[in-house]
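This is upload10.tsv (TSV, N, CA and C atoms and all ligand atoms).
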```tsv
chain	number	residue	atom	x	y	z
A	5	MET	N	-42.04	-10.64	-53.14
A	5	MET	CA	-41.23	-11.66	-52.50
A	5	MET	C	-39.87	-11.71	-53.15
A	6	THR	N	-38.87	-11.99	-52.37
A	6	THR	CA	-37.51	-12.07	-52.85
A	6	THR	C	-37.30	-13.40	-53.55
A	7	ALA	N	-36.80	-13.37	-54.79
A	7	ALA	CA	-36.52	-14.60	-55.54
A	7	ALA	C	-35.17	-15.15	-55.11
A	8	PRO	N	-34.98	-16.47	-55.22
A	8	PRO	CA	-33.71	-17.07	-54.80
A	8	PRO	C	-32.48	-16.48	-55.48
A	9	ASP	N	-32.64	-15.95	-56.70
A	9	ASP	CA	-31.49	-15.34	-57.37
A	9	ASP	C	-31.16	-13.97	-56.81
A	10	ASP	N	-32.03	-13.43	-55.96
A	10	ASP	CA	-31.85	-12.08	-55.45
A	10	ASP	C	-31.09	-12.02	-54.14
A	11	TYR	N	-30.71	-13.16	-53.59
A	11	TYR	CA	-29.99	-13.13	-52.33
A	11	TYR	C	-28.98	-14.27	-52.28
A	12	ASN	N	-28.02	-14.13	-51.39
A	12	ASN	CA	-27.02	-15.17	-51.15
A	12	ASN	C	-27.25	-15.75	-49.76
A	13	VAL	N	-26.93	-17.02	-49.62
A	13	VAL	CA	-27.00	-17.66	-48.31
A	13	VAL	C	-25.65	-18.29	-48.03
A	14	ILE	N	-25.12	-17.99	-46.86
A	14	ILE	CA	-23.85	-18.57	-46.42
A	14	ILE	C	-24.09	-19.25	-45.08
A	15	MET	N	-23.71	-20.52	-45.01
A	15	MET	CA	-23.83	-21.29	-43.78
A	15	MET	C	-22.49	-21.26	-43.04
A	16	LEU	N	-22.54	-20.84	-41.78
A	16	LEU	CA	-21.35	-20.79	-40.94
A	16	LEU	C	-21.70	-21.31	-39.56
A	17	PRO	N	-20.81	-22.02	-38.90
A	17	PRO	CA	-21.08	-22.41	-37.52
A	17	PRO	C	-20.88	-21.21	-36.60
A	18	PHE	N	-21.97	-20.65	-36.10
A	18	PHE	CA	-21.89	-19.50	-35.19
A	18	PHE	C	-21.66	-19.98	-33.77
A	19	PRO	N	-20.85	-19.27	-33.01
A	19	PRO	CA	-20.79	-19.57	-31.57
A	19	PRO	C	-22.02	-18.97	-30.90
A	20	GLY	N	-22.53	-19.62	-29.90
A	20	GLY	CA	-23.64	-19.06	-29.14
A	20	GLY	C	-24.99	-19.23	-29.82
A	21	PRO	N	-25.99	-18.49	-29.31
A	21	PRO	CA	-27.38	-18.74	-29.70
A	21	PRO	C	-27.85	-18.00	-30.95
A	22	ILE	N	-27.01	-17.27	-31.63
A	22	ILE	CA	-27.46	-16.49	-32.79
A	22	ILE	C	-27.83	-17.45	-33.92
A	23	ARG	N	-29.05	-17.27	-34.46
A	23	ARG	CA	-29.53	-18.15	-35.52
A	23	ARG	C	-29.06	-17.70	-36.89
A	24	ALA	N	-29.11	-16.40	-37.12
A	24	ALA	CA	-28.76	-15.88	-38.44
A	24	ALA	C	-28.58	-14.38	-38.36
A	25	CYS	N	-27.98	-13.85	-39.38
A	25	CYS	CA	-27.90	-12.39	-39.52
A	25	CYS	C	-27.87	-12.09	-41.01
A	26	VAL	N	-28.04	-10.85	-41.33
A	26	VAL	CA	-28.12	-10.47	-42.74
A	26	VAL	C	-27.43	-9.14	-42.94
A	27	ARG	N	-26.84	-8.98	-44.11
A	27	ARG	CA	-26.27	-7.69	-44.48
A	27	ARG	C	-26.73	-7.39	-45.90
A	28	ILE	N	-26.84	-6.12	-46.20
A	28	ILE	CA	-27.24	-5.71	-47.54
A	28	ILE	C	-25.98	-5.44	-48.35
A	29	ASN	N	-25.89	-6.07	-49.51
A	29	ASN	CA	-24.72	-5.93	-50.38
A	29	ASN	C	-24.77	-4.59	-51.11
A	30	GLY	N	-23.68	-4.26	-51.77
A	30	GLY	CA	-23.62	-3.03	-52.55
A	30	GLY	C	-24.65	-2.97	-53.67
A	31	ASP	N	-25.11	-4.15	-54.13
A	31	ASP	CA	-26.13	-4.17	-55.18
A	31	ASP	C	-27.54	-4.04	-54.62
A	32	GLY	N	-27.63	-3.88	-53.30
A	32	GLY	CA	-28.95	-3.70	-52.68
A	32	GLY	C	-29.65	-4.98	-52.27
A	33	TYR	N	-29.05	-6.11	-52.59
A	33	TYR	CA	-29.66	-7.39	-52.22
A	33	TYR	C	-28.95	-7.97	-50.99
A	34	PRO	N	-29.64	-8.84	-50.26
A	34	PRO	CA	-29.07	-9.33	-49.01
A	34	PRO	C	-28.21	-10.59	-49.15
A	35	THR	N	-27.27	-10.69	-48.24
A	35	THR	CA	-26.60	-11.96	-47.98
A	35	THR	C	-27.02	-12.38	-46.58
A	36	VAL	N	-27.56	-13.58	-46.48
A	36	VAL	CA	-28.03	-14.10	-45.20
A	36	VAL	C	-27.01	-15.12	-44.71
A	37	TYR	N	-26.55	-14.91	-43.51
A	37	TYR	CA	-25.61	-15.82	-42.85
A	37	TYR	C	-26.41	-16.64	-41.86
A	38	ILE	N	-26.38	-17.95	-42.00
A	38	ILE	CA	-27.18	-18.83	-41.16
A	38	ILE	C	-26.26	-19.74	-40.35
A	39	ASN	N	-26.62	-19.91	-39.09
A	39	ASN	CA	-25.85	-20.78	-38.20
A	39	ASN	C	-25.96	-22.23	-38.67
A	40	ASP	N	-24.85	-22.78	-39.11
A	40	ASP	CA	-24.83	-24.14	-39.65
A	40	ASP	C	-25.05	-25.20	-38.57
A	41	ASN	N	-25.04	-24.78	-37.31
A	41	ASN	CA	-25.30	-25.73	-36.23
A	41	ASN	C	-26.80	-26.00	-36.04
A	42	LEU	N	-27.66	-25.26	-36.73
A	42	LEU	CA	-29.11	-25.45	-36.59
A	42	LEU	C	-29.56	-26.67	-37.38
A	43	CYS	N	-30.72	-27.21	-37.00
A	43	CYS	CA	-31.32	-28.29	-37.77
A	43	CYS	C	-31.89	-27.69	-39.07
A	44	PRO	N	-32.17	-28.53	-40.08
A	44	PRO	CA	-32.66	-28.00	-41.35
A	44	PRO	C	-33.92	-27.14	-41.21
A	45	MET	N	-34.85	-27.52	-40.36
A	45	MET	CA	-36.09	-26.76	-40.19
A	45	MET	C	-35.78	-25.37	-39.61
A	46	ALA	N	-34.90	-25.32	-38.62
A	46	ALA	CA	-34.54	-24.03	-38.01
A	46	ALA	C	-33.78	-23.16	-39.01
A	47	LYS	N	-32.99	-23.77	-39.88
A	47	LYS	CA	-32.29	-23.00	-40.92
A	47	LYS	C	-33.29	-22.36	-41.87
A	48	ARG	N	-34.30	-23.12	-42.28
A	48	ARG	CA	-35.33	-22.56	-43.18
A	48	ARG	C	-36.08	-21.42	-42.50
A	49	GLU	N	-36.41	-21.60	-41.24
A	49	GLU	CA	-37.11	-20.55	-40.50
A	49	GLU	C	-36.23	-19.31	-40.35
A	50	ALA	N	-34.95	-19.52	-40.10
A	50	ALA	CA	-34.03	-18.38	-39.96
A	50	ALA	C	-33.93	-17.62	-41.29
A	51	LEU	N	-33.86	-18.35	-42.39
A	51	LEU	CA	-33.81	-17.70	-43.71
A	51	LEU	C	-35.09	-16.92	-43.96
A	52	ARG	N	-36.24	-17.52	-43.67
A	52	ARG	CA	-37.52	-16.85	-43.86
A	52	ARG	C	-37.57	-15.58	-43.01
A	53	HIS	N	-37.13	-15.67	-41.78
A	53	HIS	CA	-37.13	-14.54	-40.87
A	53	HIS	C	-36.28	-13.39	-41.42
A	54	GLU	N	-35.05	-13.70	-41.82
A	54	GLU	CA	-34.14	-12.64	-42.30
A	54	GLU	C	-34.63	-12.04	-43.61
A	55	LEU	N	-35.17	-12.86	-44.51
A	55	LEU	CA	-35.70	-12.31	-45.76
A	55	LEU	C	-36.94	-11.46	-45.50
A	56	GLY	N	-37.67	-11.77	-44.43
A	56	GLY	CA	-38.82	-10.95	-44.05
A	56	GLY	C	-38.39	-9.53	-43.70
A	57	HIS	N	-37.26	-9.40	-43.02
A	57	HIS	CA	-36.73	-8.06	-42.72
A	57	HIS	C	-36.45	-7.31	-44.02
A	58	PHE	N	-35.86	-8.01	-44.98
A	58	PHE	CA	-35.53	-7.37	-46.26
A	58	PHE	C	-36.82	-6.97	-46.98
A	59	ALA	N	-37.78	-7.89	-47.04
A	59	ALA	CA	-39.03	-7.62	-47.75
A	59	ALA	C	-39.79	-6.45	-47.13
A	60	ARG	N	-39.73	-6.29	-45.82
A	60	ARG	CA	-40.44	-5.20	-45.14
A	60	ARG	C	-39.66	-3.88	-45.17
A	61	GLY	N	-38.43	-3.92	-45.66
A	61	GLY	CA	-37.63	-2.69	-45.71
A	61	GLY	C	-37.12	-2.28	-44.35
A	62	ASP	N	-36.97	-3.22	-43.44
A	62	ASP	CA	-36.54	-2.89	-42.08
A	62	ASP	C	-35.16	-2.22	-42.05
A	63	PHE	N	-34.32	-2.52	-43.02
A	63	PHE	CA	-32.96	-1.97	-43.00
A	63	PHE	C	-32.94	-0.48	-43.33
A	64	TYR	N	-34.03	-0.01	-43.90
A	64	TYR	CA	-34.09	1.40	-44.30
A	64	TYR	C	-35.13	2.17	-43.51
A	65	SER	N	-35.65	1.57	-42.45
A	65	SER	CA	-36.66	2.24	-41.64
A	65	SER	C	-35.99	3.02	-40.50
A	66	HIS	N	-36.77	3.82	-39.82
A	66	HIS	CA	-36.25	4.57	-38.67
A	66	HIS	C	-36.35	3.74	-37.39
A	67	TRP	N	-36.89	2.53	-37.49
A	67	TRP	CA	-37.07	1.68	-36.32
A	67	TRP	C	-35.74	1.11	-35.84
A	68	THR	N	-35.62	0.88	-34.56
A	68	THR	CA	-34.43	0.23	-34.02
A	68	THR	C	-34.56	-1.28	-34.20
A	69	ILE	N	-33.47	-1.99	-33.96
A	69	ILE	CA	-33.50	-3.45	-34.04
A	69	ILE	C	-34.53	-4.03	-33.07
A	70	TYR	N	-34.67	-3.36	-31.91
A	70	TYR	CA	-35.61	-3.86	-30.92
A	70	TYR	C	-37.04	-3.65	-31.38
A	71	ASP	N	-37.28	-2.57	-32.11
A	71	ASP	CA	-38.62	-2.33	-32.65
A	71	ASP	C	-38.98	-3.38	-33.70
A	72	VAL	N	-38.06	-3.64	-34.62
A	72	VAL	CA	-38.40	-4.55	-35.72
A	72	VAL	C	-38.48	-5.99	-35.26
A	73	GLU	N	-37.74	-6.33	-34.22
A	73	GLU	CA	-37.83	-7.70	-33.72
A	73	GLU	C	-39.04	-7.89	-32.81
A	74	GLY	N	-39.59	-6.81	-32.29
A	74	GLY	CA	-40.82	-6.87	-31.51
A	74	GLY	C	-40.66	-7.52	-30.16
A	75	LYS	N	-41.78	-7.92	-29.64
A	75	LYS	CA	-41.83	-8.45	-28.28
A	75	LYS	C	-40.90	-9.64	-28.08
A	76	LYS	N	-40.84	-10.52	-29.09
A	76	LYS	CA	-40.00	-11.71	-28.98
A	76	LYS	C	-38.54	-11.30	-28.74
A	77	CYS	N	-38.12	-10.27	-29.43
A	77	CYS	CA	-36.74	-9.80	-29.26
A	77	CYS	C	-36.53	-9.25	-27.85
A	78	HIS	N	-37.51	-8.51	-27.35
A	78	HIS	CA	-37.38	-7.97	-26.01
A	78	HIS	C	-37.24	-9.09	-24.98
A	79	GLU	N	-38.00	-10.16	-25.20
A	79	GLU	CA	-37.90	-11.29	-24.27
A	79	GLU	C	-36.51	-11.91	-24.35
A	80	LYS	N	-36.01	-12.10	-25.57
A	80	LYS	CA	-34.68	-12.70	-25.72
A	80	LYS	C	-33.61	-11.78	-25.15
A	81	ARG	N	-33.76	-10.47	-25.39
A	81	ARG	CA	-32.76	-9.53	-24.90
A	81	ARG	C	-32.65	-9.62	-23.39
A	82	SER	N	-33.79	-9.69	-22.70
A	82	SER	CA	-33.74	-9.75	-21.24
A	82	SER	C	-33.22	-11.11	-20.77
A	83	GLU	N	-33.36	-12.13	-21.64
A	83	GLU	CA	-32.81	-13.44	-21.30
A	83	GLU	C	-31.27	-13.39	-21.32
A	84	TYR	N	-30.72	-12.75	-22.36
A	84	TYR	CA	-29.27	-12.70	-22.50
A	84	TYR	C	-28.64	-11.58	-21.68
A	85	PHE	N	-29.42	-10.50	-21.49
A	85	PHE	CA	-28.92	-9.35	-20.77
A	85	PHE	C	-29.93	-9.00	-19.68
A	86	PRO	N	-29.93	-9.75	-18.56
A	86	PRO	CA	-30.97	-9.57	-17.53
A	86	PRO	C	-31.08	-8.14	-17.02
A	87	GLU	N	-30.01	-7.38	-17.10
A	87	GLU	CA	-30.07	-6.00	-16.61
A	87	GLU	C	-30.99	-5.12	-17.46
A	88	THR	N	-31.38	-5.62	-18.65
A	88	THR	CA	-32.26	-4.83	-19.50
A	88	THR	C	-33.72	-5.23	-19.36
A	89	ALA	N	-34.03	-6.18	-18.52
A	89	ALA	CA	-35.42	-6.65	-18.37
A	89	ALA	C	-36.34	-5.49	-18.04
A	90	GLY	N	-37.43	-5.43	-18.75
A	90	GLY	CA	-38.42	-4.38	-18.53
A	90	GLY	C	-38.09	-3.06	-19.20
A	91	VAL	N	-36.99	-2.99	-19.93
A	91	VAL	CA	-36.61	-1.75	-20.63
A	91	VAL	C	-37.30	-1.70	-21.97
B	1	ZN	ZN	-35.07	-10.45	-36.97
```

In structure tokens, write the structure found in this file.
Ligand SMILES: [Zn+2]
Amino acid sequence: MTAPDDYNVIMLPFPGPIRACVRINGDGYPTVYINDNLCPMAKREALRHELGHFARGDFYSHWTIYDVEGKKCHEKRSEYFPETAGV
């Protein structure tokens, strides 16, 4: 499990429905950017979700973003981009 000293969290008001995103720093640890417009519970869930990607090594896998996000991501993708439904 990632310890709190191993990652940074930055709260920013994101436009639109994006909850959070993450980037890997030069030291190999993540910085998680969380939408400050979310409620506290959604912020915690977004942090847990993004750290899960780091813990599973998703950033270094051969899987695409759609693979690692799974079915839920496919549903959201078709919601935002209806032309991709069923792809
Ligand atoms: Zn994700």

Item to complete: Write as a ChimeraX atom specification the residues around ligand ZN 1 (chain B), taking 7 Å as the cut-off and counting only C-alpha atoms and all ligand atoms.
Response: /A:53-54,57,72-73

Worksheet entry | CA of Thr35 in chain A to CA of Asn12 in chain A, distance in Å rounded to a single decimal |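 For CA of Thr35 in chain A relative to CA of Asn12 in chain A, the distance reads 4.5 Å.
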
Counting only C-alpha atoms, which residues of range 39-74 of chain A fall within 7 Å of range 17-34 of chain A, and what is the closest atom pair for each with its distance in Å at one decimal, ordered by chain and rising number, as JSON lines?
```
{"residue": "A:Asn39", "atom": "CA", "partner": "A:Pro17", "partner_atom": "CA", "distance": 5.1}
{"residue": "A:Asp40", "atom": "CA", "partner": "A:Pro17", "partner_atom": "CA", "distance": 4.6}
{"residue": "A:Asn41", "atom": "CA", "partner": "A:Pro17", "partner_atom": "CA", "distance": 5.5}
{"residue": "A:Ala50", "atom": "CA", "partner": "A:Ala24", "partner_atom": "CA", "distance": 6.0}
{"residue": "A:Glu54", "atom": "CA", "partner": "A:Val26", "partner_atom": "CA", "distance": 6.4}
```

Practice prompt. Have a look at A:Ile69, A:Met15, A:Gly56, A:Phe63 and name the one nearest to Pro44 in chain A; count only C-alpha atoms.
Written response: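 Smallest separation from Pro44 in chain A among the options: A:Met15.
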
Worksheet item: Do you have the atom N of Ala46 in chain A-CA of Asp71 in chain A distance handy?
Response: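 If I compute the distance from atom N of Ala46 in chain A to CA of Asp71 in chain A, I get 24.0 Å.
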
Worksheet item: atom N of Leu16 in chain A and atom C of Ser65 in chain A, how far apart in Å?
Response: 27.4 Å

Can you tell me, as lines of an AutoDock Vina configuration file, the centre and edge lengths (Å, one decimal) of the axis-aligned box enclosing all of range 17-35 of chain A's listed atoms after padding each side by 4 Å?
```
center_x = -25.2
center_y = -12.7
center_z = -42.2
size_x = 16.9
size_y = 27.4
size_z = 34.0
```
